[in-house]
Amino acid sequence: MAILVTGGAGYIGSHTCVELLNSGYEIIVVDNFSNSKPEALKRVSELTKKSFISYEVDLLDHIALENVFRENHIEAVIHFAGLKAVGESVEIPLRYYHNNITGTVLLCELMQKYNVKNLVFSSSATVYGTPKYVPITEDFSLQTTNPYGRTKLMIEEILGDLHLSDNNWSIALLRYFNPIGAHESGRIGEDPNGIPNNLMPYITQVAIGKREHLNIFGNDYDTHDGTGVRDYIHVIDLAKGHLKALEKVMNRTGIDTFNLGTGIGYSVLDVVKSYEKVTSQKIPYKITQRRSGDIGKCYADTTKANKELGWKAIKNLEDMCQDSWRWQKNNPDGYTEEIKELVENHN
Ligand code: NAD
Ligand code: WQD
């Protein structure tokens, strides 16, 4: 019996694969590598000293995906695969709707056909839009401001309808806040394409000398220092949350939503200071205008996940900065270099 991990080569997926393998689960990975590299999976295997099957398959390729279900005995699915860049989703919305929503519908059709009804889904705090106050509980009203966010919200609704139609389904909707950090080995981490959209990968690229300075998007928010406040969560804590959610879906039927964050809000300047402290180097920055669509404060109330999943994030902001830096220092070009070697070795 195996756990199917869609998008398992990606940032959060690869860290979750490590935790799953270390906890004795058998896993099968499906990824089309549209935003990741096979090298990540090689390193997952190296870190855990365990092998697993991976398929280069697009969720939209129904026939190829059905083969995965036919060839394996799957017990549950952790569904990470999706496109995730907010700005890009505004430019190419149809691609986002097709990839994220159609991909999920096709996956669920096969799950239904093969009677695999345990699902952990990657949702996002983005479904809360501009929250009226903080901390945010799961029962806050939902509203999204961009196509990416709408794909998450629509998928949550689709999964709700699915459970309503057949209450044998067991589903956990996990709303992540801001995942950062990397595995403490420095072997796997976040490997964004091009100019990073998110704060932490941008800071690490400034630190390594790839970018001159950080642009801080506004210092006139209603926060302790005027810069935006977010709930940064270490990717390993987040990965561990998936194992707890998996236990839950395998032991009951129903559908539940959980915030996965630390419950603590840090500002952009707090993150910069913490990063400077752990790396003993200055991060030059300039204050620029607010980024369109940004909100002032966003952090989670994690009581529900604490109580019902028996999960709590334990790593602090310094751990997150330290591990992000180790990953960046050891892999200045992400997974690229070793991929070249791999290709050469195979030729
Ligand atoms: P990621 O891009 O690193 O990983 C997603 C993986 O899915 C990639 O390996 C990509 O190649 C794969 N993929 C995309 N479309 C696919 C398809 N049609 N078929 C097969 N594989 C496909 O992203 P991540 O940061 O690891 O995020 C994982 C999930 O969590 C995503 O659904 C994302 O929307 C969600 N999420 C991420 C964040 C964040 O800040 N990183 C926050 C909230 C929610
Ligand atoms: C964090 C803070 C910025 C970059 C995004 C998505 C969200 C979720 C997580 C997927 C904000 C500031 C950033 C920079 C800056 N992803 N910042 N300079 O916007 O909270 O959330 O990722 O579901 O949907 O919207 O994260 O890391 O982009 O920004 O000043 O170069 O850092 O203004 O205050 P965000 P982020």
# chains A, B, ... in the order shown; residues from 1 in each chain; ligands from 1
$ residues_near_ligand --ligand "ligand 1" --cutoff "9 Å" --atoms "only C-alpha atoms and all ligand atoms" --output "PyMOL selection string"
chain A and resi 6-15+30-38+56-61+79-85+98-100+102-104+121-126+148-149+151-152+174-180+190-192+198+235
$ residues_near_ligand --ligand "ligand 2" --cutoff "6 Å" --atoms "only C-alpha atoms and all ligand atoms" --output "PyMOL selection string"
chain A and resi 84+86+124+126+178+197-199+202+214-217+228-230+268+291+294
$ closest_residue --among "A:Lys117, A:His224, A:Lys286, A:Lys248" --to "Ser267 of chain A" --atoms "only C-alpha atoms"
A:His224
$ closest_residue --among "A:Asn146, A:Val120, A:Asp333, A:Lys50" --to "Val90 of chain A" --atoms "only C-alpha atoms"
A:Asn146
$ closest_residue --among "A:Asn72, A:Asn251, A:Asn168, A:Thr137" --to "Lys304 of chain A" --atoms "only C-alpha atoms"
A:Thr137
$ residues_around --residues "Lys132 of chain A" --least-positions-apart "6" --cutoff "10 Å" --atoms "only C-alpha atoms" --output "VMD selection string"
chain A and resid 140 to 141 297 to 298
